[in-house]
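Participant: The structure file coords-v3.txt (compact mmCIF, C-alpha atoms and all ligand atoms) is provided below.
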```
# COMPACT_ATOMS: atom_id res chain seq x y z
CA MET A 1 -37.53 -14.61 7.50
CA ASN A 2 -34.92 -16.27 5.30
CA ARG A 3 -31.28 -15.48 5.72
CA GLY A 4 -28.53 -15.73 3.19
CA GLU A 5 -28.95 -15.51 -0.54
CA ASN A 6 -32.71 -15.86 -0.53
CA ALA A 7 -33.20 -13.06 1.97
CA PRO A 8 -34.97 -10.07 0.44
CA LEU A 9 -32.66 -7.35 -0.81
CA ILE A 10 -33.62 -3.79 0.11
CA LEU A 11 -32.02 -0.76 -1.52
CA ILE A 12 -32.09 2.43 0.55
CA VAL A 13 -31.67 5.63 -1.46
CA GLU A 14 -31.00 8.21 1.23
CA ASP A 15 -28.43 10.97 1.76
CA ASN A 16 -28.42 10.93 5.56
CA GLU A 17 -25.84 8.53 6.96
CA VAL A 18 -27.57 8.29 10.36
CA HIS A 19 -30.87 7.29 8.75
CA ILE A 20 -29.11 4.77 6.52
CA ARG A 21 -27.42 3.13 9.50
CA LEU A 22 -30.61 2.96 11.56
CA MET A 23 -32.68 1.44 8.75
CA CYS A 24 -29.87 -0.91 7.77
CA ASP A 25 -29.58 -2.15 11.38
CA LEU A 26 -33.31 -2.70 11.77
CA LEU A 27 -33.70 -4.53 8.46
CA THR A 28 -30.63 -6.76 8.76
CA ARG A 29 -31.76 -7.74 12.26
CA HIS A 30 -34.96 -8.95 10.61
CA GLY A 31 -33.08 -11.10 8.14
CA MET A 32 -33.09 -8.76 5.16
CA ARG A 33 -30.10 -7.79 3.08
CA VAL A 34 -29.52 -4.06 2.65
CA ILE A 35 -27.58 -1.92 0.22
CA SER A 36 -27.62 1.86 0.12
CA CYS A 37 -26.99 4.69 -2.26
CA LYS A 38 -26.58 8.38 -1.40
CA ASN A 39 -26.28 9.77 -4.89
CA PRO A 40 -29.42 9.64 -7.04
CA ARG A 41 -27.25 9.82 -10.17
CA GLU A 42 -25.72 6.46 -9.29
CA ALA A 43 -29.01 4.84 -8.31
CA ILE A 44 -30.27 3.65 -11.69
CA SER A 45 -27.17 1.64 -12.57
CA LEU A 46 -27.02 0.23 -9.04
CA ILE A 47 -30.66 -0.87 -9.30
CA GLN A 48 -30.01 -2.47 -12.68
CA LYS A 49 -26.99 -4.33 -11.32
CA SER A 50 -28.37 -5.42 -7.96
CA LYS A 51 -32.08 -5.94 -8.78
CA PRO A 52 -33.38 -5.23 -5.26
CA ASP A 53 -36.76 -6.62 -4.14
CA LEU A 54 -37.78 -3.24 -2.75
CA ILE A 55 -36.48 0.33 -2.90
CA LEU A 56 -36.79 2.73 0.02
CA MET A 57 -36.67 6.21 -1.45
CA ASP A 58 -35.90 9.35 0.52
CA ILE A 59 -37.98 12.11 -1.05
CA SER A 60 -35.54 14.92 -0.25
CA LEU A 61 -32.25 14.07 -1.88
CA LYS A 62 -29.75 16.77 -2.83
CA GLU A 63 -29.37 16.56 -6.59
CA MET A 64 -32.86 15.52 -7.55
CA SER A 65 -35.99 14.70 -5.63
CA GLY A 66 -36.72 11.11 -4.73
CA LEU A 67 -39.99 11.42 -6.62
CA GLU A 68 -38.20 12.45 -9.82
CA LEU A 69 -35.90 9.48 -9.38
CA THR A 70 -38.93 7.23 -8.82
CA GLN A 71 -40.45 8.49 -12.08
CA ILE A 72 -37.23 7.61 -13.90
CA ILE A 73 -37.26 4.12 -12.35
CA LYS A 74 -40.88 3.64 -13.45
CA LYS A 75 -39.98 4.67 -17.01
CA THR A 76 -37.04 2.26 -17.19
CA PRO A 77 -38.51 -1.08 -18.35
CA SER A 78 -35.84 -3.35 -16.84
CA ILE A 79 -36.45 -2.03 -13.31
CA ALA A 80 -39.95 -0.53 -13.49
CA ARG A 81 -41.54 -3.45 -11.63
CA ILE A 82 -39.48 -3.00 -8.48
CA PRO A 83 -41.72 -1.43 -5.82
CA VAL A 84 -40.63 1.92 -4.43
CA VAL A 85 -41.63 3.07 -0.93
CA ALA A 86 -41.27 6.79 -0.17
CA LEU A 87 -39.49 7.97 2.97
CA THR A 88 -40.31 11.45 4.15
CA ALA A 89 -40.87 13.73 7.09
CA HIS A 90 -43.71 15.43 5.22
CA ALA A 91 -46.77 13.24 5.48
CA THR A 92 -49.59 15.43 4.34
CA LYS A 93 -52.36 14.04 2.14
CA ARG A 94 -50.88 16.00 -0.75
CA ASP A 95 -47.42 14.49 -0.22
CA GLN A 96 -48.92 11.01 -0.16
CA GLU A 97 -50.77 11.69 -3.39
CA ASN A 98 -47.61 13.05 -5.01
CA ALA A 99 -45.71 9.93 -3.97
CA ARG A 100 -48.43 7.66 -5.39
CA SER A 101 -48.60 9.53 -8.67
CA ALA A 102 -44.82 9.32 -9.02
CA GLY A 103 -45.19 5.56 -8.80
CA CYS A 104 -44.55 4.77 -5.12
CA VAL A 105 -46.52 1.87 -3.65
CA GLY A 106 -46.46 3.33 -0.16
CA PHE A 107 -45.16 5.79 2.28
CA ILE A 108 -43.09 5.68 5.50
CA THR A 109 -42.75 8.77 7.64
CA LYS A 110 -39.60 9.94 9.41
CA PRO A 111 -38.64 9.78 12.20
CA ILE A 112 -38.90 6.05 11.79
CA ASN A 113 -40.84 4.02 14.32
CA THR A 114 -38.18 1.39 15.05
CA ARG A 115 -40.71 -1.21 16.20
CA LEU A 116 -43.06 -0.86 13.25
CA PHE A 117 -40.55 -0.19 10.48
CA PRO A 118 -39.39 -3.80 9.84
CA LYS A 119 -43.01 -5.00 9.98
CA LYS A 120 -44.06 -2.40 7.43
CA ILE A 121 -41.26 -3.42 5.10
CA ALA A 122 -42.13 -7.10 5.53
CA GLY A 123 -45.73 -6.17 4.70
CA PHE A 124 -44.69 -4.48 1.46
CA LEU A 125 -42.59 -7.53 0.55
CA ASN A 126 -45.54 -9.86 1.21
CA ASN A 127 -47.77 -7.79 -1.05
CA ILE A 128 -45.33 -8.34 -3.91
CA THR A 129 -45.22 -12.12 -3.59
CA SER A 130 -48.92 -12.72 -2.86
MN MN B 201 -32.61 13.54 2.58
```
What is this structure when it is put down as structure tokens?
Facilitator:
Amino acid sequence: MNRGENAPLILIVEDNEVHIRLMCDLLTRHGMRVISCKNPREAISLIQKSKPDLILMDISLKEMSGLELTQIIKKTPSIARIPVVALTAHATKRDQENARSAGCVGFITKPINTRLFPKKIAGFLNNITS
């Protein structure tokens, strides 16, 4: 995958520092650029400024749920097209449906499978461009 300016930019919205570091490590090792945000209230302006190629959204954030934040993203025209992938420990059928109806294009379960994670993200990025 490309490095440098053309490398895909991934925004991780997640409140757990350990998870952020792990995902950041895995993605940068696979040539992606990563930024992160812990506070959902700061996410919208960060997304507008940085225009990431993909957003990884923790469902359980402290101030608002990741699904609520996803709904706001999908209602904000300037950023609505950016795909959001849900991150959660709860992977029931119901949770997957809730994530889809909030506007998420997919779902990644925690704990993260370190071998598959970068491949899954690359797969989501390929779906956007193809
Ligand atoms: Mn969380």
Participant: Enumerate as a ChimeraX atom specification the residues within 6 Å of ligand MN 201 (chain B), counting only C-alpha atoms and all ligand atoms.
Facilitator: /A:14-16,58,60-61
Participant: Go through A:Arg29, A:Arg81, A:Leu116, A:Val13 and flag the residue nearest A:Leu69, using all atoms listed in the file for the distances.
Facilitator: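 Closest candidate: A:Val13.
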Participant: Tell me, as JSON, numbers by chain, which residues lie within 9 Å of A:Ile44, counting only C-alpha atoms; anything in the same chain fewer than 2 positions away does not count.
Facilitator: {"A": [40, 41, 42, 46, 47, 48, 49, 69, 72, 73, 76, 79]}
Participant: Given only C-alpha atoms as the basis, pick out the residue of A:Arg33, A:His90, A:Lys75, A:Lys119 nearest to A:Ile55.
Facilitator: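 Smallest separation from A:Ile55 among the options: A:Arg33.
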Participant: Point out the residue among A:Leu67, A:Ala99, A:Ala43, A:Ala7 with the least atom-to-atom distance to A:Gly31, counting only C-alpha atoms.
Facilitator: A:Ala7
Participant: Set the distance at 8 Å and use only C-alpha atoms: which residues neighbour stretch 84-88 of chain A once local chain neighbours fewer than 3 positions away are removed? I'd like the list as a list in words.
Facilitator: Leu54, Ile55, Leu56, Met57, Asp58, Ile59, Ser60, Gly66, Thr70, Ala91, Ala99, Gly103, Cys104, Val105, Gly106, Phe107, Ile108, Thr109 and Lys110 of chain A
Participant: Interatomic distance between atom CA of A:Pro118 and atom CA of A:Leu27?
Facilitator: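 Separation of atom CA of A:Pro118 and atom CA of A:Leu27: 5.9 Å.
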Participant: Can you work out which one of A:Ser78, A:Ile121, A:Ile128, A:Met64 has the shortest atom-to-atom distance to A:Cys24, counting only C-alpha atoms?
Facilitator: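 Once distances to A:Cys24 are computed over only C-alpha atoms, the minimum belongs to A:Ile121.
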Participant: Just to confirm, what's the straight-line distance from atom CA of A:Ser50 to atom CA of A:Leu11 in Å (one decimal)?
Facilitator: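 Computing it gives 8.7 Å between the two atoms.
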Participant: Under the rule that only C-alpha atoms are counted, which of A:His30, A:Leu9, A:Gln71, A:Pro83 is the nearest residue to A:Pro52?
Facilitator: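 Nearest candidate to A:Pro52 out of A:His30, A:Leu9, A:Gln71, A:Pro83: A:Leu9.
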Participant: Kindly indicate which residue among A:Glu68, A:Asp25, A:Glu17, A:Glu5 lies nearest to A:Phe117, using all atoms listed in the file for the distances.
Facilitator: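 Nearest to A:Phe117: A:Asp25.
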Participant: Please report the interatomic distance between atom CA of A:Pro111 and atom CA of A:Gln96 in Å with one decimal.
Facilitator: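 The value is 16.1 Å.
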